[in-house]
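Structure file input38.pdb (PDB, C-alpha atoms and all ligand atoms) follows.
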```pdb
ATOM      1  CA  MET A   1      17.232   7.779 -18.814  1.00  0.00           C
ATOM      2  CA  LYS A   2      17.980  10.947 -20.810  1.00  0.00           C
ATOM      3  CA  ASN A   3      19.883  13.859 -19.199  1.00  0.00           C
ATOM      4  CA  GLY A   4      19.184  12.352 -15.799  1.00  0.00           C
ATOM      5  CA  LYS A   5      15.431  12.377 -16.491  1.00  0.00           C
ATOM      6  CA  ARG A   6      13.127   9.381 -16.681  1.00  0.00           C
ATOM      7  CA  ILE A   7      10.440   8.378 -19.158  1.00  0.00           C
ATOM      8  CA  ASP A   8       7.901  10.622 -17.365  1.00  0.00           C
ATOM      9  CA  ASP A   9      10.433  13.421 -16.798  1.00  0.00           C
ATOM     10  CA  ARG A  10      11.078  12.657 -13.143  1.00  0.00           C
ATOM     11  CA  LEU A  11      14.467  12.592 -11.458  1.00  0.00           C
ATOM     12  CA  ALA A  12      15.767   9.291 -10.090  1.00  0.00           C
ATOM     13  CA  ASN A  13      14.787  10.190  -6.513  1.00  0.00           C
ATOM     14  CA  GLU A  14      11.361  11.677  -7.284  1.00  0.00           C
ATOM     15  CA  LEU A  15       7.971  10.185  -6.350  1.00  0.00           C
ATOM     16  CA  ARG A  16       5.004  10.478  -8.689  1.00  0.00           C
ATOM     17  CA  PRO A  17       2.296  12.944  -7.588  1.00  0.00           C
ATOM     18  CA  VAL A  18       0.345  11.417  -4.679  1.00  0.00           C
ATOM     19  CA  LYS A  19      -3.054  12.425  -3.307  1.00  0.00           C
ATOM     20  CA  PHE A  20      -4.940  10.982  -0.318  1.00  0.00           C
ATOM     21  CA  GLU A  21      -8.609  11.473   0.480  1.00  0.00           C
ATOM     22  CA  VAL A  22      -9.914  10.156   3.813  1.00  0.00           C
ATOM     23  CA  GLY A  23     -13.429   8.909   4.588  1.00  0.00           C
ATOM     24  CA  VAL A  24     -14.829   8.476   1.084  1.00  0.00           C
ATOM     25  CA  LEU A  25     -17.208   5.548   1.771  1.00  0.00           C
ATOM     26  CA  GLU A  26     -20.242   5.983   4.000  1.00  0.00           C
ATOM     27  CA  ARG A  27     -20.840   2.345   4.842  1.00  0.00           C
ATOM     28  CA  ALA A  28     -17.262   1.468   5.793  1.00  0.00           C
ATOM     29  CA  ASP A  29     -15.912   2.178   9.278  1.00  0.00           C
ATOM     30  CA  GLY A  30     -12.872   3.734   7.657  1.00  0.00           C
ATOM     31  CA  SER A  31     -11.862   4.415   4.082  1.00  0.00           C
ATOM     32  CA  CYS A  32      -9.296   6.134   1.921  1.00  0.00           C
ATOM     33  CA  TYR A  33      -8.894   6.914  -1.771  1.00  0.00           C
ATOM     34  CA  VAL A  34      -5.382   7.268  -3.167  1.00  0.00           C
ATOM     35  CA  GLU A  35      -4.066   8.498  -6.477  1.00  0.00           C
ATOM     36  CA  HIS A  36      -0.429   7.629  -6.893  1.00  0.00           C
ATOM     37  CA  GLY A  37       0.660   8.621 -10.386  1.00  0.00           C
ATOM     38  CA  GLY A  38      -1.557   6.536 -12.669  1.00  0.00           C
ATOM     39  CA  ASN A  39      -2.745   4.276  -9.845  1.00  0.00           C
ATOM     40  CA  LYS A  40      -6.237   4.822  -8.447  1.00  0.00           C
ATOM     41  CA  VAL A  41      -6.958   2.792  -5.364  1.00  0.00           C
ATOM     42  CA  ILE A  42      -9.651   2.649  -2.715  1.00  0.00           C
ATOM     43  CA  ALA A  43      -9.366   0.992   0.695  1.00  0.00           C
ATOM     44  CA  ALA A  44     -12.295   0.147   2.980  1.00  0.00           C
ATOM     45  CA  VAL A  45     -11.998  -1.058   6.573  1.00  0.00           C
ATOM     46  CA  TYR A  46     -14.756  -2.857   8.468  1.00  0.00           C
ATOM     47  CA  GLY A  47     -14.484  -3.636  12.162  1.00  0.00           C
ATOM     48  CA  PRO A  48     -13.481  -4.528  14.717  1.00  0.00           C
ATOM     49  CA  ARG A  49     -16.528  -6.789  14.307  1.00  0.00           C
ATOM     50  CA  ALA A  50     -17.624 -10.391  14.980  1.00  0.00           C
ATOM     51  CA  VAL A  51     -15.717 -13.092  13.072  1.00  0.00           C
ATOM     52  CA  HIS A  52     -17.549 -15.251  10.533  1.00  0.00           C
ATOM     53  CA  PRO A  53     -16.951 -18.158  10.257  1.00  0.00           C
ATOM     54  CA  ARG A  54     -16.592 -18.336  14.040  1.00  0.00           C
ATOM     55  CA  HIS A  55     -13.914 -21.017  14.138  1.00  0.00           C
ATOM     56  CA  LEU A  56     -11.449 -18.425  12.812  1.00  0.00           C
ATOM     57  CA  GLN A  57     -11.730 -16.283  15.934  1.00  0.00           C
ATOM     58  CA  GLU A  58      -8.824 -15.958  18.387  1.00  0.00           C
ATOM     59  CA  ALA A  59      -9.506 -15.851  22.128  1.00  0.00           C
ATOM     60  CA  ASN A  60      -7.048 -13.093  22.977  1.00  0.00           C
ATOM     61  CA  ARG A  61      -6.790 -10.866  19.919  1.00  0.00           C
ATOM     62  CA  ALA A  62      -8.426  -9.636  16.739  1.00  0.00           C
ATOM     63  CA  ILE A  63      -7.606 -11.303  13.441  1.00  0.00           C
ATOM     64  CA  ILE A  64      -6.718  -9.170  10.422  1.00  0.00           C
ATOM     65  CA  ARG A  65      -7.979 -10.046   6.950  1.00  0.00           C
ATOM     66  CA  TYR A  66      -6.805  -8.223   3.825  1.00  0.00           C
ATOM     67  CA  ARG A  67      -8.188  -8.613   0.337  1.00  0.00           C
ATOM     68  CA  TYR A  68      -6.398  -7.001  -2.593  1.00  0.00           C
ATOM     69  CA  ASN A  69      -8.491  -7.019  -5.744  1.00  0.00           C
ATOM     70  CA  MET A  70      -7.787  -5.663  -9.182  1.00  0.00           C
ATOM     71  CA  ALA A  71     -10.833  -4.460 -11.119  1.00  0.00           C
ATOM     72  CA  SER A  72     -11.145  -6.023 -14.571  1.00  0.00           C
ATOM     73  CA  PHE A  73     -11.042  -2.512 -16.094  1.00  0.00           C
ATOM     74  CA  SER A  74      -7.936  -1.430 -14.139  1.00  0.00           C
ATOM     75  CA  VAL A  75      -5.414  -2.563 -16.745  1.00  0.00           C
ATOM     76  CA  GLU A  76      -5.044  -2.097 -20.496  1.00  0.00           C
ATOM     77  CA  GLU A  77      -6.338  -5.519 -21.488  1.00  0.00           C
ATOM     78  CA  ARG A  78      -9.328  -6.657 -19.455  1.00  0.00           C
ATOM     79  CA  LYS A  79      -8.198  -8.650 -16.426  1.00  0.00           C
ATOM     80  CA  ARG A  80     -10.138 -11.810 -15.688  1.00  0.00           C
ATOM     81  CA  PRO A  81     -12.183 -10.967 -12.574  1.00  0.00           C
ATOM     82  CA  GLY A  82     -11.645 -12.723  -9.267  1.00  0.00           C
ATOM     83  CA  PRO A  83      -8.674 -13.904  -7.248  1.00  0.00           C
ATOM     84  CA  ASP A  84      -5.565 -15.286  -8.946  1.00  0.00           C
ATOM     85  CA  ARG A  85      -2.121 -16.298  -7.730  1.00  0.00           C
ATOM     86  CA  ARG A  86      -0.825 -12.738  -7.888  1.00  0.00           C
ATOM     87  CA  SER A  87      -3.683 -11.162  -5.925  1.00  0.00           C
ATOM     88  CA  ILE A  88      -3.589 -13.927  -3.297  1.00  0.00           C
ATOM     89  CA  GLU A  89       0.134 -13.317  -2.807  1.00  0.00           C
ATOM     90  CA  ILE A  90      -0.309  -9.534  -2.635  1.00  0.00           C
ATOM     91  CA  SER A  91      -3.169  -9.900  -0.121  1.00  0.00           C
ATOM     92  CA  LYS A  92      -0.930 -12.049   2.084  1.00  0.00           C
ATOM     93  CA  VAL A  93       2.175  -9.846   2.009  1.00  0.00           C
ATOM     94  CA  SER A  94       0.086  -6.681   2.442  1.00  0.00           C
ATOM     95  CA  ARG A  95      -1.647  -8.119   5.509  1.00  0.00           C
ATOM     96  CA  GLU A  96       1.747  -9.026   6.943  1.00  0.00           C
ATOM     97  CA  ALA A  97       3.014  -5.514   6.166  1.00  0.00           C
ATOM     98  CA  ILE A  98       0.238  -3.838   8.152  1.00  0.00           C
ATOM     99  CA  ASP A  99      -0.385  -6.397  10.902  1.00  0.00           C
ATOM    100  CA  PRO A 100       2.600  -5.520  13.171  1.00  0.00           C
ATOM    101  CA  VAL A 101       1.378  -1.976  13.965  1.00  0.00           C
ATOM    102  CA  ILE A 102      -2.220  -2.942  14.805  1.00  0.00           C
ATOM    103  CA  ILE A 103      -2.867  -3.418  18.534  1.00  0.00           C
ATOM    104  CA  LYS A 104      -4.870  -6.603  18.132  1.00  0.00           C
ATOM    105  CA  GLU A 105      -5.062  -7.474  21.846  1.00  0.00           C
ATOM    106  CA  PHE A 106      -7.664  -4.733  22.346  1.00  0.00           C
ATOM    107  CA  TYR A 107     -10.260  -6.710  20.408  1.00  0.00           C
ATOM    108  CA  PRO A 108     -10.353 -10.418  21.301  1.00  0.00           C
ATOM    109  CA  ARG A 109     -12.648 -12.666  19.201  1.00  0.00           C
ATOM    110  CA  SER A 110     -12.991  -9.931  16.554  1.00  0.00           C
ATOM    111  CA  THR A 111     -11.918  -9.336  12.999  1.00  0.00           C
ATOM    112  CA  ILE A 112     -10.705  -6.263  11.203  1.00  0.00           C
ATOM    113  CA  ASP A 113     -11.377  -6.632   7.478  1.00  0.00           C
ATOM    114  CA  ILE A 114      -9.442  -4.583   4.960  1.00  0.00           C
ATOM    115  CA  PHE A 115     -10.552  -4.435   1.322  1.00  0.00           C
ATOM    116  CA  VAL A 116      -8.335  -2.850  -1.306  1.00  0.00           C
ATOM    117  CA  GLU A 117      -9.735  -2.281  -4.773  1.00  0.00           C
ATOM    118  CA  ILE A 118      -7.431  -1.300  -7.614  1.00  0.00           C
ATOM    119  CA  LEU A 119      -9.488   0.845  -9.988  1.00  0.00           C
ATOM    120  CA  GLN A 120      -6.587   1.835 -12.231  1.00  0.00           C
ATOM    121  CA  ALA A 121      -3.138   0.238 -12.274  1.00  0.00           C
ATOM    122  CA  ASP A 122       0.203   1.677 -13.334  1.00  0.00           C
ATOM    123  CA  ALA A 123       2.822  -0.271 -11.292  1.00  0.00           C
ATOM    124  CA  GLY A 124       3.154   0.012  -7.543  1.00  0.00           C
ATOM    125  CA  THR A 125      -0.426  -0.982  -6.770  1.00  0.00           C
ATOM    126  CA  ARG A 126       0.486  -3.101  -3.718  1.00  0.00           C
ATOM    127  CA  SER A 127       2.268  -0.077  -2.225  1.00  0.00           C
ATOM    128  CA  ALA A 128      -0.602   2.289  -3.039  1.00  0.00           C
ATOM    129  CA  GLY A 129      -2.998  -0.260  -1.497  1.00  0.00           C
ATOM    130  CA  ILE A 130      -0.967  -0.531   1.711  1.00  0.00           C
ATOM    131  CA  ASN A 131      -0.759   3.274   1.990  1.00  0.00           C
ATOM    132  CA  ALA A 132      -4.526   3.577   1.531  1.00  0.00           C
ATOM    133  CA  ALA A 133      -5.261   0.700   3.929  1.00  0.00           C
ATOM    134  CA  SER A 134      -3.081   2.224   6.616  1.00  0.00           C
ATOM    135  CA  VAL A 135      -4.970   5.538   6.449  1.00  0.00           C
ATOM    136  CA  ALA A 136      -8.347   3.754   6.275  1.00  0.00           C
ATOM    137  CA  LEU A 137      -7.485   1.847   9.470  1.00  0.00           C
ATOM    138  CA  ALA A 138      -6.660   5.095  11.246  1.00  0.00           C
ATOM    139  CA  ASP A 139      -9.915   6.576   9.891  1.00  0.00           C
ATOM    140  CA  ALA A 140     -11.796   3.590  11.376  1.00  0.00           C
ATOM    141  CA  GLY A 141     -10.255   4.382  14.755  1.00  0.00           C
ATOM    142  CA  VAL A 142      -8.323   1.099  14.906  1.00  0.00           C
ATOM    143  CA  PRO A 143      -5.574   1.504  17.524  1.00  0.00           C
ATOM    144  CA  MET A 144      -2.147   1.387  15.889  1.00  0.00           C
ATOM    145  CA  ARG A 145       1.434   1.911  17.027  1.00  0.00           C
ATOM    146  CA  GLY A 146       2.186   3.834  13.827  1.00  0.00           C
ATOM    147  CA  LEU A 147       1.296   4.211  10.155  1.00  0.00           C
ATOM    148  CA  ILE A 148       2.739   1.911   7.523  1.00  0.00           C
ATOM    149  CA  SER A 149       4.060   3.651   4.420  1.00  0.00           C
ATOM    150  CA  SER A 150       5.120   1.950   1.225  1.00  0.00           C
ATOM    151  CA  CYS A 151       6.807   2.655  -2.087  1.00  0.00           C
ATOM    152  CA  ALA A 152       8.851   0.762  -4.655  1.00  0.00           C
ATOM    153  CA  VAL A 153      12.440   1.322  -5.700  1.00  0.00           C
ATOM    154  CA  GLY A 154      14.248  -0.316  -8.565  1.00  0.00           C
ATOM    155  CA  LYS A 155      16.888  -0.142 -11.234  1.00  0.00           C
ATOM    156  CA  VAL A 156      16.362   1.261 -14.707  1.00  0.00           C
ATOM    157  CA  ASP A 157      19.170   1.857 -17.233  1.00  0.00           C
ATOM    158  CA  ASP A 158      21.713   0.948 -14.534  1.00  0.00           C
ATOM    159  CA  THR A 159      20.371   3.687 -12.256  1.00  0.00           C
ATOM    160  CA  VAL A 160      18.659   3.167  -8.899  1.00  0.00           C
ATOM    161  CA  VAL A 161      15.295   4.943  -9.086  1.00  0.00           C
ATOM    162  CA  LEU A 162      12.344   5.630  -6.797  1.00  0.00           C
ATOM    163  CA  ASP A 163       8.733   4.673  -7.594  1.00  0.00           C
ATOM    164  CA  LEU A 164       8.700   2.929 -10.985  1.00  0.00           C
ATOM    165  CA  VAL A 165       5.976   3.497 -13.586  1.00  0.00           C
ATOM    166  CA  LYS A 166       4.654   0.613 -15.690  1.00  0.00           C
ATOM    167  CA  GLU A 167       7.190   0.990 -18.523  1.00  0.00           C
ATOM    168  CA  GLU A 168      10.076   1.102 -16.045  1.00  0.00           C
ATOM    169  CA  ASP A 169       8.660  -1.945 -14.286  1.00  0.00           C
ATOM    170  CA  ASN A 170       8.450  -3.802 -17.617  1.00  0.00           C
ATOM    171  CA  TYR A 171      11.874  -2.911 -19.007  1.00  0.00           C
ATOM    172  CA  GLY A 172      13.776  -2.160 -15.800  1.00  0.00           C
ATOM    173  CA  GLN A 173      16.402  -4.408 -14.244  1.00  0.00           C
ATOM    174  CA  ALA A 174      14.882  -4.575 -10.759  1.00  0.00           C
ATOM    175  CA  ASP A 175      11.717  -3.683  -8.847  1.00  0.00           C
ATOM    176  CA  MET A 176      11.693  -3.738  -5.044  1.00  0.00           C
ATOM    177  CA  PRO A 177       8.541  -2.766  -3.128  1.00  0.00           C
ATOM    178  CA  ILE A 178       9.103  -1.851   0.528  1.00  0.00           C
ATOM    179  CA  ALA A 179       6.770  -1.003   3.397  1.00  0.00           C
ATOM    180  CA  MET A 180       7.824   0.371   6.748  1.00  0.00           C
ATOM    181  CA  ASP A 181       6.873   2.180   9.897  1.00  0.00           C
ATOM    182  CA  VAL A 182       8.827   5.370   9.299  1.00  0.00           C
ATOM    183  CA  ARG A 183       8.788   6.272  12.998  1.00  0.00           C
ATOM    184  CA  THR A 184      10.626   3.145  14.166  1.00  0.00           C
ATOM    185  CA  GLY A 185      12.356   2.234  10.893  1.00  0.00           C
ATOM    186  CA  GLU A 186      10.873  -1.279  11.062  1.00  0.00           C
ATOM    187  CA  VAL A 187      10.585  -2.758   7.559  1.00  0.00           C
ATOM    188  CA  THR A 188       7.421  -4.878   7.252  1.00  0.00           C
ATOM    189  CA  LEU A 189       7.535  -5.749   3.544  1.00  0.00           C
ATOM    190  CA  LEU A 190      10.454  -6.196   1.196  1.00  0.00           C
ATOM    191  CA  GLN A 191      10.176  -8.056  -2.079  1.00  0.00           C
ATOM    192  CA  MET A 192      12.414  -8.018  -5.106  1.00  0.00           C
ATOM    193  CA  ASP A 193      12.047  -8.832  -8.756  1.00  0.00           C
ATOM    194  CA  GLY A 194      15.262  -8.727 -10.778  1.00  0.00           C
ATOM    195  CA  HIS A 195      18.794  -8.193  -9.614  1.00  0.00           C
ATOM    196  CA  LEU A 196      20.745  -5.604  -7.586  1.00  0.00           C
ATOM    197  CA  THR A 197      24.329  -5.644  -6.347  1.00  0.00           C
ATOM    198  CA  LEU A 198      24.786  -5.236  -2.578  1.00  0.00           C
ATOM    199  CA  GLU A 199      25.845  -1.641  -3.112  1.00  0.00           C
ATOM    200  CA  GLU A 200      22.777  -0.918  -5.266  1.00  0.00           C
ATOM    201  CA  PHE A 201      20.559  -2.648  -2.725  1.00  0.00           C
ATOM    202  CA  GLU A 202      21.829  -0.400   0.055  1.00  0.00           C
ATOM    203  CA  GLN A 203      21.361   2.668  -2.126  1.00  0.00           C
ATOM    204  CA  ALA A 204      17.839   1.506  -3.037  1.00  0.00           C
ATOM    205  CA  LEU A 205      16.932   0.921   0.603  1.00  0.00           C
ATOM    206  CA  GLU A 206      18.013   4.453   1.524  1.00  0.00           C
ATOM    207  CA  LEU A 207      15.991   5.846  -1.387  1.00  0.00           C
ATOM    208  CA  ALA A 208      12.948   3.823  -0.314  1.00  0.00           C
ATOM    209  CA  LYS A 209      13.240   5.257   3.201  1.00  0.00           C
ATOM    210  CA  THR A 210      13.072   8.807   1.847  1.00  0.00           C
ATOM    211  CA  GLY A 211      10.083   7.837  -0.333  1.00  0.00           C
ATOM    212  CA  CYS A 212       8.260   6.244   2.605  1.00  0.00           C
ATOM    213  CA  ALA A 213       8.994   9.282   4.770  1.00  0.00           C
ATOM    214  CA  SER A 214       7.353  11.568   2.178  1.00  0.00           C
ATOM    215  CA  ILE A 215       4.354   9.233   1.932  1.00  0.00           C
ATOM    216  CA  ALA A 216       4.038   9.098   5.743  1.00  0.00           C
ATOM    217  CA  GLU A 217       3.922  12.886   5.867  1.00  0.00           C
ATOM    218  CA  MET A 218       1.110  12.935   3.267  1.00  0.00           C
ATOM    219  CA  GLN A 219      -0.825  10.227   5.148  1.00  0.00           C
ATOM    220  CA  ARG A 220      -0.588  12.209   8.384  1.00  0.00           C
ATOM    221  CA  GLU A 221      -1.546  15.426   6.618  1.00  0.00           C
ATOM    222  CA  ALA A 222      -4.630  13.781   5.011  1.00  0.00           C
ATOM    223  CA  LEU A 223      -5.834  12.454   8.382  1.00  0.00           C
ATOM    224  CA  ILE A 224      -5.272  15.808  10.102  1.00  0.00           C
ATOM    225  CA  GLN A 225      -7.151  17.569   7.280  1.00  0.00           C
ATOM    226  CA  LYS A 226     -10.181  15.301   7.667  1.00  0.00           C
ATOM    227  CA  TYR A 227     -10.431  15.522  11.445  1.00  0.00           C
ATOM    228  CA  ARG A 228      -9.607  19.201  11.661  1.00  0.00           C
ATOM    229  CA  GLY A 229     -12.367  19.761   9.096  1.00  0.00           C
ATOM    230  CA  GLU A 230     -14.877  17.865  11.249  1.00  0.00           C
ATOM    231  CA  GLU A 231     -13.963  19.872  14.356  1.00  0.00           C
ATOM    232  CA  ASN A 232     -14.884  23.068  12.567  1.00  0.00           C
ATOM    233  CA  GLU A 233     -18.251  21.814  11.309  1.00  0.00           C
TER
HETATM  234  P1  LIG B 301       2.520  -3.821  -8.349  1.00  0.00           P
HETATM  235  O1  LIG B 301       1.274  -3.255  -8.937  1.00  0.00           O
HETATM  236  O2  LIG B 301       2.459  -3.876  -6.863  1.00  0.00           O
HETATM  237  O3  LIG B 301       3.771  -3.142  -8.863  1.00  0.00           O
HETATM  238  P2  LIG B 301       3.256  -6.073 -10.057  1.00  0.00           P
HETATM  239  O4  LIG B 301       4.727  -5.755 -10.084  1.00  0.00           O
HETATM  240  O5  LIG B 301       2.826  -7.504 -10.015  1.00  0.00           O
HETATM  241  O6  LIG B 301       2.572  -5.364  -8.797  1.00  0.00           O
HETATM  242  O7  LIG B 301       2.549  -5.419 -11.296  1.00  0.00           O
HETATM  243  C1  LIG B 301       3.023  -4.277 -11.925  1.00  0.00           C
HETATM  244  C2  LIG B 301       1.972  -3.691 -12.826  1.00  0.00           C
HETATM  245  O8  LIG B 301       1.675  -4.601 -13.876  1.00  0.00           O
HETATM  246  C3  LIG B 301       0.621  -3.436 -12.175  1.00  0.00           C
HETATM  247  O9  LIG B 301       0.584  -2.265 -11.387  1.00  0.00           O
HETATM  248  C4  LIG B 301      -0.263  -3.341 -13.377  1.00  0.00           C
HETATM  249  O10 LIG B 301      -0.142  -2.063 -13.976  1.00  0.00           O
HETATM  250  C5  LIG B 301       0.334  -4.395 -14.277  1.00  0.00           C
HETATM  251  N1  LIG B 301      -0.418  -5.666 -14.186  1.00  0.00           N
HETATM  252  C6  LIG B 301      -0.458  -6.517 -13.152  1.00  0.00           C
HETATM  253  N2  LIG B 301      -1.285  -7.562 -13.384  1.00  0.00           N
HETATM  254  C7  LIG B 301      -1.789  -7.376 -14.612  1.00  0.00           C
HETATM  255  C8  LIG B 301      -2.702  -8.088 -15.448  1.00  0.00           C
HETATM  256  N3  LIG B 301      -3.298  -9.212 -15.051  1.00  0.00           N
HETATM  257  N4  LIG B 301      -2.964  -7.562 -16.661  1.00  0.00           N
HETATM  258  C9  LIG B 301      -2.386  -6.421 -17.082  1.00  0.00           C
HETATM  259  N5  LIG B 301      -1.519  -5.711 -16.340  1.00  0.00           N
HETATM  260  C10 LIG B 301      -1.228  -6.149 -15.127  1.00  0.00           C
END
```
Would you give me this structure, written as structure tokens?
Ligand code: ADP
Amino acid sequence: MKNGKRIDDRLANELRPVKFEVGVLERADGSCYVEHGGNKVIAAVYGPRAVHPRHLQEANRAIIRYRYNMASFSVEERKRPGPDRRSIEISKVSREAIDPVIIKEFYPRSTIDIFVEILQADAGTRSAGINAASVALADAGVPMRGLISSCAVGKVDDTVVLDLVKEEDNYGQADMPIAMDVRTGEVTLLQMDGHLTLEEFEQALELAKTGCASIAEMQREALIQKYRGEENE
């Protein structure tokens, strides 16, 4: 940090520029493209639809499947294609982050499949993926109690900061992605790499809430834009 500014000139409590575009894929039931700083992410939602293989189906609710995938060209050195430990973990925690707001009882014996593709990565891809997936679900008309919004907070040069870039993630002292339903305040994902004191943790949590609130506003705005646009056509 120099004069209170970060490596990319942001203040400690500033998000990177974020842009949502709704309904970008014709063959998906719902989709969303997100640019979050240097991250470029696309989410596609299929369903509710029949479950294959059938033994996975649940008699009284839909199941939710979430696949996070990083394109081999999304990072500086080519990433080996296909699932690895990291992407399996991120798929699991992202599904758990979104699952609580989906009203699954409306669609027994069905599945809702969420695919998140990371086209370009610059730290915070799980959050960008969750934000895109949440909007894509709404675009697909999946009934939800609220939208899930996500961002990371962390500690760099002994300062608690919002929304780390790659360099800050690499050299920082802590990185803590959070996802929540801003309306109810329910936190649905919280992970931490590194170390924070209790005081710093509380400060970071507050900062994450403001970040998620800004993201939620942009998600809502993007959905309104799309559907208002269609009304006028
Ligand atoms: P997140 O993207 O959610 O912050 P991580 O903290 O695991 O997840 O990763 C931080 C960043 O490290 C990623 O956004 C990406 O820029 C980079 N990264 C992750 N995996 C790889 C990889 N296999 N090769 C190169 N860079 C990677």
**Asked** Residues within 9 Å of ligand LIG 301 (chain B) (only C-alpha atoms and all ligand atoms), as number ranges by chain?
**Response** A: 38-39, 70, 72, 74-80, 84, 86-87, 90, 118, 120-129, 152, 164-166, 169-170, 175-177, 193
**Message:** Counting all atoms listed in the file, which residues sit no farther than 10 Å from the position (8.2, -6.3, 8.2) in the file's frame? I'd like them as an MDAnalysis selection string.
**Reply:** chainID A and resid 93:94 96:101 148 178:181 185:190
Can I get the residues of stretch 86-124 of chain A within 12 Å of stretch 138-144 of chain A, each with the closest pair of atoms and their distance in Å to one decimal, using all atoms listed in the file, sorted chain first then ascending number, as a tab-separated table?
```
residue	atom	partner	partner_atom	distance
A:Ile98	CA	A:Met144	CA	9.6
A:Asp99	CA	A:Met144	CA	9.4
A:Pro100	CA	A:Met144	CA	8.8
A:Val101	CA	A:Met144	CA	5.2
A:Ile102	CA	A:Met144	CA	4.5
A:Ile103	CA	A:Met144	CA	5.5
A:Lys104	CA	A:Pro143	CA	8.2
A:Glu105	CA	A:Pro143	CA	10.0
A:Phe106	CA	A:Pro143	CA	8.2
A:Tyr107	CA	A:Val142	CA	9.7
A:Thr111	CA	A:Val142	CA	11.2
A:Ile112	CA	A:Val142	CA	8.6
A:Asp113	CA	A:Ala140	CA	10.9
A:Ile114	CA	A:Ala140	CA	10.7
```
**Asked** Which polymer residues have any atom within 7 Å of an atom of A:Cys212, counting only C-alpha atoms, with same-chain residues fewer than 2 positions away left out, as a PyMOL selection string?
**Response** chain A and resi 149-151+182+208-210+214-216
**Message:** For this structure, which residues satisfy the selection - the PyMOL selection byres (((chain A and resi 197) around 12) and not hetatm) - when it is evaluated on the file as given? I want them as a list in words.
**Reply:**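 Evaluating the PyMOL selection byres (((chain A and resi 197) around 12) and not hetatm) on these coordinates yields Gly154, Lys155, Asp158, Thr159, Val160, Gln173, Ala174, Gly194, His195, Leu196, Leu198, Glu199, Glu200, Phe201, Glu202, Gln203 and Ala204 of chain A.
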If you count all atoms listed in the file, which residues fall within 10 Å of A:Leu25, apart from same-chain ones fewer than 5 positions away, as a PDB file with C-alpha atoms, keeping the file's coordinate frame?
```
ATOM      1  CA  GLY A  30     -12.872   3.734   7.657  1.00  0.00           C
ATOM      2  CA  SER A  31     -11.862   4.415   4.082  1.00  0.00           C
ATOM      3  CA  CYS A  32      -9.296   6.134   1.921  1.00  0.00           C
ATOM      4  CA  TYR A  33      -8.894   6.914  -1.771  1.00  0.00           C
ATOM      5  CA  ILE A  42      -9.651   2.649  -2.715  1.00  0.00           C
ATOM      6  CA  ALA A  43      -9.366   0.992   0.695  1.00  0.00           C
ATOM      7  CA  ALA A  44     -12.295   0.147   2.980  1.00  0.00           C
ATOM      8  CA  VAL A  45     -11.998  -1.058   6.573  1.00  0.00           C
TER       9      VAL A  45
END
```
